[in-house]
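**Student:** input12.pdb (PDB, C-alpha atoms) pasted underneath:
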ATOM      1  CA  MET A 226      -4.695 -25.771 -35.362
ATOM      2  CA  THR A 227      -6.262 -22.381 -34.703
ATOM      3  CA  ILE A 228      -4.636 -20.080 -32.179
ATOM      4  CA  LEU A 229      -7.125 -17.569 -30.852
ATOM      5  CA  SER A 230      -5.880 -14.029 -30.448
ATOM      6  CA  GLU A 231      -5.770 -12.594 -26.949
ATOM      7  CA  PRO A 232      -6.645  -8.952 -26.166
ATOM      8  CA  PHE A 233      -3.919  -6.505 -27.124
ATOM      9  CA  THR A 234      -2.861  -3.530 -25.017
ATOM     10  CA  PHE A 235      -0.914  -1.017 -27.070
ATOM     11  CA  SER A 236       1.486   1.389 -25.355
ATOM     12  CA  GLY A 237       1.718   3.605 -28.418
ATOM     13  CA  ARG A 238       5.489   3.811 -28.436
ATOM     14  CA  ARG A 239       6.905   0.909 -30.407
ATOM     15  CA  ILE A 240       5.923   0.948 -34.070
ATOM     16  CA  ASP A 241       8.847   0.092 -36.332
ATOM     17  CA  VAL A 242       9.106   0.059 -40.129
ATOM     18  CA  LEU A 243      11.048  -2.489 -42.175
ATOM     19  CA  ILE A 244      12.053  -1.586 -45.730
ATOM     20  CA  PRO A 245      13.833  -4.096 -47.999
ATOM     21  CA  ALA A 246      15.816  -2.189 -50.614
ATOM     22  CA  PHE A 247      17.711  -3.250 -53.717
ATOM     23  CA  ASN A 248      19.160  -0.428 -55.865
ATOM     24  CA  GLU A 249      16.702   2.221 -54.676
ATOM     25  CA  GLU A 250      19.029   5.203 -54.258
ATOM     26  CA  ASN A 251      16.595   7.512 -56.066
ATOM     27  CA  ALA A 252      13.551   6.520 -54.035
ATOM     28  CA  VAL A 253      14.420   5.299 -50.552
ATOM     29  CA  GLY A 254      15.200   8.775 -49.200
ATOM     30  CA  LYS A 255      11.775  10.027 -50.287
ATOM     31  CA  VAL A 256      10.109   7.045 -48.613
ATOM     32  CA  ILE A 257      11.915   7.628 -45.322
ATOM     33  CA  ALA A 258      11.147  11.357 -45.363
ATOM     34  CA  GLU A 259       7.393  10.708 -45.501
ATOM     35  CA  ILE A 260       7.179   8.105 -42.740
ATOM     36  CA  PRO A 261       5.056   9.485 -39.866
ATOM     37  CA  ALA A 262       6.757  10.774 -36.724
ATOM     38  CA  PHE A 263       5.081   8.183 -34.475
ATOM     39  CA  VAL A 264       7.406   5.498 -35.875
ATOM     40  CA  ARG A 265      10.210   4.508 -33.499
ATOM     41  CA  HIS A 266      12.760   2.820 -35.789
ATOM     42  CA  ILE A 267      13.066   2.773 -39.578
ATOM     43  CA  VAL A 268      15.127  -0.245 -40.614
ATOM     44  CA  VAL A 269      16.317  -0.427 -44.212
ATOM     45  CA  VAL A 270      17.833  -3.718 -45.325
ATOM     46  CA  ASN A 271      20.286  -3.028 -48.129
ATOM     47  CA  ASN A 272      19.821  -6.185 -50.208
ATOM     48  CA  ASN A 273      23.101  -6.399 -52.157
ATOM     49  CA  SER A 274      22.630  -3.043 -53.877
ATOM     50  CA  ASN A 275      25.363  -1.804 -56.189
ATOM     51  CA  ASP A 276      24.317   1.842 -56.017
ATOM     52  CA  ASN A 277      24.127   4.399 -53.177
ATOM     53  CA  THR A 278      21.057   2.913 -51.468
ATOM     54  CA  ARG A 279      22.922   2.388 -48.201
ATOM     55  CA  LYS A 280      24.331   5.923 -48.112
ATOM     56  CA  VAL A 281      21.044   7.612 -48.992
ATOM     57  CA  ALA A 282      19.054   5.584 -46.445
ATOM     58  CA  SER A 283      21.601   6.257 -43.701
ATOM     59  CA  GLN A 284      21.693   9.985 -44.424
ATOM     60  CA  ALA A 285      17.900  10.047 -44.289
ATOM     61  CA  GLY A 286      18.019   8.732 -40.727
ATOM     62  CA  ALA A 287      17.352   5.011 -41.113
ATOM     63  CA  ILE A 288      19.106   2.119 -39.432
ATOM     64  CA  VAL A 289      20.749   0.328 -42.366
ATOM     65  CA  LEU A 290      21.545  -3.373 -42.377
ATOM     66  CA  ASP A 291      23.401  -5.224 -45.128
ATOM     67  CA  GLU A 292      22.084  -8.508 -46.518
ATOM     68  CA  PRO A 293      24.248  -9.796 -49.391
ATOM     69  CA  GLN A 294      21.879 -12.628 -50.349
ATOM     70  CA  LYS A 295      19.310 -11.289 -52.773
ATOM     71  CA  GLY A 296      15.652 -11.912 -52.041
ATOM     72  CA  TYR A 297      12.752  -9.889 -50.681
ATOM     73  CA  GLY A 298      11.965 -12.456 -48.015
ATOM     74  CA  LYS A 299      15.613 -12.832 -47.068
ATOM     75  CA  ALA A 300      15.869  -9.071 -46.521
ATOM     76  CA  CYS A 301      12.732  -9.143 -44.361
ATOM     77  CA  LEU A 302      14.108 -12.010 -42.269
ATOM     78  CA  THR A 303      17.365 -10.119 -41.728
ATOM     79  CA  GLY A 304      15.479  -7.048 -40.540
ATOM     80  CA  MET A 305      13.300  -9.126 -38.233
ATOM     81  CA  GLU A 306      16.341 -10.810 -36.702
ATOM     82  CA  TYR A 307      17.800  -7.397 -35.871
ATOM     83  CA  LEU A 308      14.550  -6.206 -34.291
ATOM     84  CA  SER A 309      14.147  -9.401 -32.290
ATOM     85  CA  ASN A 310      17.502  -8.742 -30.620
ATOM     86  CA  LEU A 311      16.563  -5.275 -29.392
ATOM     87  CA  GLN A 312      15.993  -4.851 -25.673
ATOM     88  CA  GLU A 313      12.452  -3.828 -26.557
ATOM     89  CA  PRO A 314      11.230  -5.318 -29.855
ATOM     90  CA  PRO A 315       8.422  -3.540 -31.670
ATOM     91  CA  GLU A 316       4.792  -3.965 -30.731
ATOM     92  CA  ILE A 317       3.760  -3.426 -34.343
ATOM     93  CA  LEU A 318       5.899  -3.896 -37.441
ATOM     94  CA  VAL A 319       5.072  -2.208 -40.730
ATOM     95  CA  PHE A 320       6.484  -3.508 -44.012
ATOM     96  CA  LEU A 321       6.993  -0.921 -46.739
ATOM     97  CA  ASP A 322       8.664  -0.988 -50.153
ATOM     98  CA  ALA A 323      11.584   1.304 -50.943
ATOM     99  CA  ASP A 324      10.432   2.301 -54.442
ATOM    100  CA  TYR A 325       8.080   5.174 -53.425
ATOM    101  CA  SER A 326       5.043   3.492 -54.997
ATOM    102  CA  ASP A 327       3.159   3.470 -51.699
ATOM    103  CA  PHE A 328       2.238   6.530 -49.661
ATOM    104  CA  PRO A 329       3.987   6.305 -46.257
ATOM    105  CA  GLY A 330       1.689   9.005 -44.905
ATOM    106  CA  GLU A 331      -1.171   6.490 -45.046
ATOM    107  CA  MET A 332       0.519   4.422 -42.350
ATOM    108  CA  GLU A 333      -1.686   5.739 -39.566
ATOM    109  CA  GLY A 334      -4.765   4.187 -41.169
ATOM    110  CA  LEU A 335      -2.858   0.955 -41.649
ATOM    111  CA  VAL A 336      -1.881   0.529 -38.003
ATOM    112  CA  GLN A 337      -5.024   1.958 -36.394
ATOM    113  CA  PRO A 338      -7.047  -1.310 -36.348
ATOM    114  CA  ILE A 339      -4.139  -2.948 -34.497
ATOM    115  CA  ARG A 340      -3.699  -0.014 -32.113
ATOM    116  CA  ASP A 341      -7.408  -0.238 -31.337
ATOM    117  CA  GLY A 342      -6.961  -3.890 -30.370
ATOM    118  CA  LYS A 343      -9.342  -5.081 -33.081
ATOM    119  CA  MET A 344      -6.903  -6.698 -35.518
ATOM    120  CA  ASP A 345      -3.611  -8.568 -35.573
ATOM    121  CA  MET A 346      -2.704  -7.930 -39.215
ATOM    122  CA  VAL A 347      -3.732  -5.271 -41.717
ATOM    123  CA  ILE A 348      -3.007  -5.458 -45.444
ATOM    124  CA  GLY A 349      -2.864  -2.279 -47.496
ATOM    125  CA  SER A 350      -5.024  -3.128 -50.493
ATOM    126  CA  ARG A 351      -4.135  -1.441 -53.757
ATOM    127  CA  ALA A 352      -7.166  -3.131 -55.307
ATOM    128  CA  ARG A 353      -9.447  -1.170 -52.966
ATOM    129  CA  GLY A 354      -7.562   2.116 -53.267
ATOM    130  CA  LYS A 355      -6.792   4.491 -56.119
ATOM    131  CA  LYS A 356      -4.057   3.447 -58.520
ATOM    132  CA  GLU A 357      -2.190   5.889 -60.704
ATOM    133  CA  LYS A 358      -2.401   4.915 -64.351
ATOM    134  CA  GLY A 359       0.441   2.573 -65.224
ATOM    135  CA  SER A 360       1.404   1.925 -61.599
ATOM    136  CA  MET A 361       0.526  -1.773 -61.826
ATOM    137  CA  THR A 362       1.205  -3.897 -64.882
ATOM    138  CA  PHE A 363      -1.282  -6.420 -66.241
ATOM    139  CA  PRO A 364       0.717  -9.377 -64.841
ATOM    140  CA  GLN A 365       0.594  -7.731 -61.390
ATOM    141  CA  VAL A 366      -3.153  -7.111 -61.520
ATOM    142  CA  PHE A 367      -3.945 -10.558 -62.884
ATOM    143  CA  GLY A 368      -1.517 -12.279 -60.538
ATOM    144  CA  ASN A 369      -3.053 -10.610 -57.494
ATOM    145  CA  TRP A 370      -6.546 -11.503 -58.654
ATOM    146  CA  LEU A 371      -5.628 -15.141 -59.285
ATOM    147  CA  ALA A 372      -3.713 -15.534 -56.033
ATOM    148  CA  THR A 373      -6.456 -14.008 -53.886
ATOM    149  CA  TRP A 374      -9.124 -16.041 -55.706
ATOM    150  CA  LEU A 375      -7.191 -19.250 -55.029
ATOM    151  CA  MET A 376      -6.684 -18.242 -51.393
ATOM    152  CA  ARG A 377     -10.414 -17.752 -51.038
ATOM    153  CA  LYS A 378     -11.156 -21.171 -52.544
ATOM    154  CA  MET A 379      -8.406 -23.051 -50.709
ATOM    155  CA  PHE A 380      -8.322 -21.317 -47.326
ATOM    156  CA  ALA A 381     -11.540 -19.250 -47.128
ATOM    157  CA  ALA A 382      -9.250 -16.213 -46.962
ATOM    158  CA  GLU A 383     -10.837 -12.857 -47.751
ATOM    159  CA  PHE A 384      -8.111 -10.800 -49.394
ATOM    160  CA  SER A 385      -8.100  -8.597 -52.481
ATOM    161  CA  ASP A 386      -4.346  -8.010 -52.711
ATOM    162  CA  LEU A 387      -0.903  -9.303 -51.777
ATOM    163  CA  GLY A 388       0.205  -5.732 -51.178
ATOM    164  CA  PRO A 389       3.621  -5.303 -49.536
ATOM    165  CA  PHE A 390       2.448  -2.289 -47.465
ATOM    166  CA  ARG A 391       1.172  -4.058 -44.357
ATOM    167  CA  ALA A 392       1.229  -3.997 -40.568
ATOM    168  CA  ILE A 393       1.227  -6.849 -38.073
ATOM    169  CA  ARG A 394       1.541  -7.322 -34.328
ATOM    170  CA  TRP A 395       5.118  -8.369 -33.632
ATOM    171  CA  GLU A 396       4.102 -11.160 -31.275
ATOM    172  CA  LYS A 397       1.843 -12.675 -33.937
ATOM    173  CA  LEU A 398       4.464 -12.292 -36.651
ATOM    174  CA  MET A 399       6.878 -14.320 -34.542
ATOM    175  CA  GLN A 400       4.287 -17.076 -34.221
ATOM    176  CA  LEU A 401       4.033 -17.367 -38.011
ATOM    177  CA  HIS A 402       7.640 -18.629 -38.262
ATOM    178  CA  MET A 403       8.171 -17.021 -41.646
ATOM    179  CA  GLU A 404      10.489 -18.909 -43.994
ATOM    180  CA  ASP A 405      10.247 -17.712 -47.590
ATOM    181  CA  GLN A 406      13.287 -15.854 -48.858
ATOM    182  CA  ASN A 407      11.972 -14.311 -52.062
ATOM    183  CA  PHE A 408       8.714 -13.896 -53.989
ATOM    184  CA  GLY A 409       6.495 -16.000 -51.723
ATOM    185  CA  TRP A 410       6.919 -13.834 -48.623
ATOM    186  CA  THR A 411       3.664 -11.855 -48.730
ATOM    187  CA  ILE A 412       1.370 -14.750 -49.564
ATOM    188  CA  GLU A 413       3.066 -17.002 -47.000
ATOM    189  CA  MET A 414       2.296 -14.442 -44.297
ATOM    190  CA  GLN A 415      -1.342 -14.157 -45.344
ATOM    191  CA  ILE A 416      -1.952 -17.905 -45.593
ATOM    192  CA  LYS A 417      -0.319 -18.607 -42.239
ATOM    193  CA  ALA A 418      -2.240 -15.766 -40.597
ATOM    194  CA  VAL A 419      -5.534 -17.261 -41.771
ATOM    195  CA  LYS A 420      -4.604 -20.802 -40.764
ATOM    196  CA  MET A 421      -3.563 -19.621 -37.283
ATOM    197  CA  GLY A 422      -6.782 -17.717 -36.720
ATOM    198  CA  LEU A 423      -5.286 -14.233 -36.637
ATOM    199  CA  ARG A 424      -7.715 -11.335 -36.880
ATOM    200  CA  TYR A 425      -7.045  -9.578 -40.158
ATOM    201  CA  THR A 426      -8.506  -6.938 -42.396
ATOM    202  CA  GLU A 427      -7.643  -4.763 -45.388
ATOM    203  CA  VAL A 428      -7.613  -0.993 -45.698
ATOM    204  CA  PRO A 429      -7.543   0.822 -49.045
ATOM    205  CA  VAL A 430      -4.175   2.347 -49.940
ATOM    206  CA  ASN A 431      -3.275   4.458 -52.923
ATOM    207  CA  TYR A 432      -0.556   3.491 -55.347
ATOM    208  CA  ARG A 433       1.611   5.434 -57.796
ATOM    209  CA  GLN A 434       4.221   4.624 -60.402
ATOM    210  CA  ARG A 435       7.373   3.513 -58.706
ATOM    211  CA  ILE A 436      10.712   5.255 -59.155
ATOM    212  CA  GLY A 437      12.929   3.076 -61.327
ATOM    213  CA  VAL A 438      12.287  -0.345 -62.847
ATOM    214  CA  SER A 439      10.498  -3.064 -60.886
ATOM    215  CA  LYS A 440      12.629  -6.093 -60.049
ATOM    216  CA  VAL A 441       9.539  -8.290 -60.417
ATOM    217  CA  SER A 442       7.100  -6.873 -62.963
ATOM    218  CA  GLY A 443       9.820  -5.073 -64.897
ATOM    219  CA  THR A 444      11.317  -8.262 -66.347
ATOM    220  CA  VAL A 445       9.949 -11.466 -67.866
ATOM    221  CA  LYS A 446      12.140 -13.477 -65.483
ATOM    222  CA  GLY A 447      10.723 -11.582 -62.514
ATOM    223  CA  VAL A 448       7.109 -12.082 -63.585
ATOM    224  CA  VAL A 449       7.544 -15.809 -64.229
ATOM    225  CA  GLY A 450       9.548 -16.335 -61.049
ATOM    226  CA  ALA A 451       7.050 -14.508 -58.858
ATOM    227  CA  GLY A 452       4.075 -16.277 -60.423
ATOM    228  CA  TYR A 453       5.627 -19.703 -59.986
ATOM    229  CA  LYS A 454       6.618 -19.032 -56.370
ATOM    230  CA  ILE A 455       3.171 -17.743 -55.429
ATOM    231  CA  LEU A 456       1.475 -20.834 -56.885
ATOM    232  CA  TRP A 457       4.061 -23.110 -55.252
ATOM    233  CA  THR A 458       3.443 -21.450 -51.867
ATOM    234  CA  LEU A 459      -0.301 -21.909 -52.208
ATOM    235  CA  TRP A 460       0.229 -25.620 -52.880
ATOM    236  CA  LYS A 461       2.751 -25.972 -50.047
ATOM    237  CA  TYR A 462       0.370 -24.675 -47.362
ATOM    238  CA  ARG A 463      -2.862 -26.176 -48.743
TER
END
The structure given in the file should be rewritten as structure tokens.
**Tutor:**
Amino acid sequence: MTILSEPFTFSGRRIDVLIPAFNEENAVGKVIAEIPAFVRHIVVVNNNSNDNTRKVASQAGAIVLDEPQKGYGKACLTGMEYLSNLQEPPEILVFLDADYSDFPGEMEGLVQPIRDGKMDMVIGSRARGKKEKGSMTFPQVFGNWLATWLMRKMFAAEFSDLGPFRAIRWEKLMQLHMEDQNFGWTIEMQIKAVKMGLRYTEVPVNYRQRIGVSKVSGTVKGVVGAGYKILWTLWKYR
């Protein structure tokens, strides 16, 4: 069933940022420092870190939540639950990684199509932007290409990336009823958005080498696990 998007009036005050973080003490403070001033709340979900991620994020001015169950999607769900209980939930929610691979200063371009009332979801596409040499491994590049190609064939979805740097209208995010608790989070959101008839687009974002070792592409287990979950999610929502 397709749910048509109604016109969106944006007050300009309630843009929040959600950052899942697992052992990112050396990067998360830099990420927070570069988030634009128009953001209302920065919520960091400390995802069972065993370093000083919580302390660094708190000192940098973020709201820090603890989620002991590991998993990117689980951390996102915990952050969303917190925001949903605020007296005034966000109008737009931006998802951003804690590893300093994205450029938080590019957030204005990410949210602008939603602020203009033209889009419901905007994906920051690393494939369309400039990537620092070595910032994405071959499994990442190939995996994104394969996943987006399959999405195009299976769902007529026009995406070039599963990039984690993304923005979405809060009301529409709630309608997606997100479930995945780990590697399938980003592709689940994109598939459901297409199937529900949300207005979406991509904007180019730049990408640099992350600080520290990737929990996904940095290990064989991470690569295999992410690849399997992405393919499984595609099959689940076919």
**Student:** Which residues match the PyMOL selection byres ((chain A and resi 356-371) around 6) in the file above, as a list in words?
**Tutor:**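 Going through the file, the PyMOL selection byres ((chain A and resi 356-371) around 6) ends up selecting Lys355, Ala372, Thr373, Trp374, Asp386, Asn431, Tyr432, Arg433 and Gln434 of chain A.
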**Student:** Ranking A:Val242, A:Leu321, A:Leu375, A:Ala287 by minimum distance to Leu308 in chain A and counting only C-alpha atoms, which one comes first?
**Tutor:**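 Comparing A:Val242, A:Leu321, A:Leu375, A:Ala287 against Leu308 in chain A, the winner is A:Val242.
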**Student:** Residues picked by the PyMOL selection byres ((chain A and resi 418) around 10) here, as a short mmCIF file (atom, residue, chain, number, x, y, z; two decimals) with C-alpha atoms, in the frame of the given file?
**Tutor:**
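That gives us expr.cif:
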data_model
loop_
_atom_site.label_atom_id
_atom_site.label_comp_id
_atom_site.auth_asym_id
_atom_site.auth_seq_id
_atom_site.Cartn_x
_atom_site.Cartn_y
_atom_site.Cartn_z
CA THR A 227 -6.26 -22.38 -34.70
CA ILE A 228 -4.64 -20.08 -32.18
CA ASP A 345 -3.61 -8.57 -35.57
CA MET A 346 -2.70 -7.93 -39.22
CA ALA A 382 -9.25 -16.21 -46.96
CA ILE A 393 1.23 -6.85 -38.07
CA LYS A 397 1.84 -12.68 -33.94
CA LEU A 398 4.46 -12.29 -36.65
CA GLN A 400 4.29 -17.08 -34.22
CA LEU A 401 4.03 -17.37 -38.01
CA ILE A 412 1.37 -14.75 -49.56
CA GLU A 413 3.07 -17.00 -47.00
CA MET A 414 2.30 -14.44 -44.30
CA GLN A 415 -1.34 -14.16 -45.34
CA ILE A 416 -1.95 -17.90 -45.59
CA LYS A 417 -0.32 -18.61 -42.24
CA VAL A 419 -5.53 -17.26 -41.77
CA LYS A 420 -4.60 -20.80 -40.76
CA MET A 421 -3.56 -19.62 -37.28
CA GLY A 422 -6.78 -17.72 -36.72
CA LEU A 423 -5.29 -14.23 -36.64
CA ARG A 424 -7.72 -11.34 -36.88
CA TYR A 425 -7.04 -9.58 -40.16
#
**Student:** For Met332 in chain A, which of A:Arg239, A:Ala285, A:Asp276, A:Ile260 is the closest residue, counting all atoms listed in the file?
**Tutor:**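 Checking each candidate against Met332 in chain A, we get A:Ile260 as the closest.
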**Student:** Which residues fall under the PyMOL selection byres ((chain A and resi 391) around 6) in this file, as a PyMOL selection string?
**Tutor:** chain A and resi 319-320+347-349+389-390+392
**Student:** Which residue out of A:Ile436, A:Gly388, A:Arg394, A:Tyr453 has the minimum interatomic distance to Pro338 in chain A when only C-alpha atoms are used?
**Tutor:** A:Arg394
**Student:** Do you have the CA of Leu243 in chain A-CA of Met376 in chain A distance handy?
**Tutor:**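 We find that CA of Leu243 in chain A and CA of Met376 in chain A lie 25.4 Å from each other.
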**Student:** Quick one: distance from CA of Arg435 in chain A to CA of Gly334 in chain A in Å, one decimal?
**Tutor:**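 About the pair CA of Arg435 in chain A and CA of Gly334 in chain A: they are 21.3 Å apart.
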**Student:** Can you measure CA of Val281 in chain A to CA of Ala323 in chain A for me? One decimal in Å is fine.
**Tutor:** 11.5 Å
**Student:** I'd like the contact shell of Glu292 in chain A - 8 Å cut-off, all atoms listed in the file, skipping same-chain residues fewer than 6 positions apart - returned as a PyMOL selection string.
**Tutor:** chain A and resi 270-273+299-300+303
**Student:** Specify the axis-aligned box that encloses all atoms of range 243-250 of chain A listed in the file after padding of 3 Å on each side, stating its centre and edge lengths in Å to one decimal as JSON.
**Tutor:**
{"center_x": 15.1, "center_y": 0.6, "center_z": -49.0, "size_x": 14.1, "size_y": 15.3, "size_z": 19.7}
**Student:** For Lys343 in chain A, which of A:Thr426, A:Ser309, A:Asn277, A:Phe263 is the closest residue, counting only C-alpha atoms?
**Tutor:**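 So, comparing all the options, the nearest one is A:Thr426.
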**Student:** Pick from A:His402, A:Lys280, A:Arg353, A:Arg238: nearest to Ala262 in chain A, with all atoms listed in the file counted?
**Tutor:**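 Closest to Ala262 in chain A, using all atoms listed in the file: A:Arg238.
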**Student:** Please determine, counting all atoms listed in the file, which residue among A:Leu290, A:Leu311, A:Leu459, A:Leu387 has the shortest atom-to-atom distance to Ser274 in chain A.
**Tutor:**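 For Ser274 in chain A, the nearest of the given residues is A:Leu290.
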**Student:** For Glu396 in chain A, list every protein, DNA or RNA residue within 9 Å, evaluated using all atoms listed in the file, and leave out those in the same chain fewer than 4 positions away; present the list as a ChimeraX atom specification.
**Tutor:** /A:315-317,400
**Student:** Which residues are close to Ala258 in chain A, i.e. within 9 Å by all atoms listed in the file, leaving aside same-chain residues fewer than 4 positions away? Reply as a list in words.
**Tutor:** Val253, Gly254, Ala285, Gly286 and Pro329 of chain A
**Student:** Any chance you can output those residues with C-alpha atoms as an mmCIF file, in the coordinates of the input?
**Tutor:**
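Wrote result.cif, looks like this:
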data_model
loop_
_atom_site.group_PDB
_atom_site.id
_atom_site.type_symbol
_atom_site.label_atom_id
_atom_site.label_comp_id
_atom_site.auth_asym_id
_atom_site.auth_seq_id
_atom_site.Cartn_x
_atom_site.Cartn_y
_atom_site.Cartn_z
ATOM 1 C CA VAL A 253 14.420 5.299 -50.552
ATOM 2 C CA GLY A 254 15.200 8.775 -49.200
ATOM 3 C CA ALA A 285 17.900 10.047 -44.289
ATOM 4 C CA GLY A 286 18.019 8.732 -40.727
ATOM 5 C CA PRO A 329 3.987 6.305 -46.257
#
**Student:** List the spatial neighbours of range 403-411 of chain A as a PyMOL selection string - criterion: any atom at most 7 Å away, only C-alpha atoms, same-chain residues fewer than 5 positions off excluded.
**Tutor:** chain A and resi 296-299+387+389+451+454-455+458
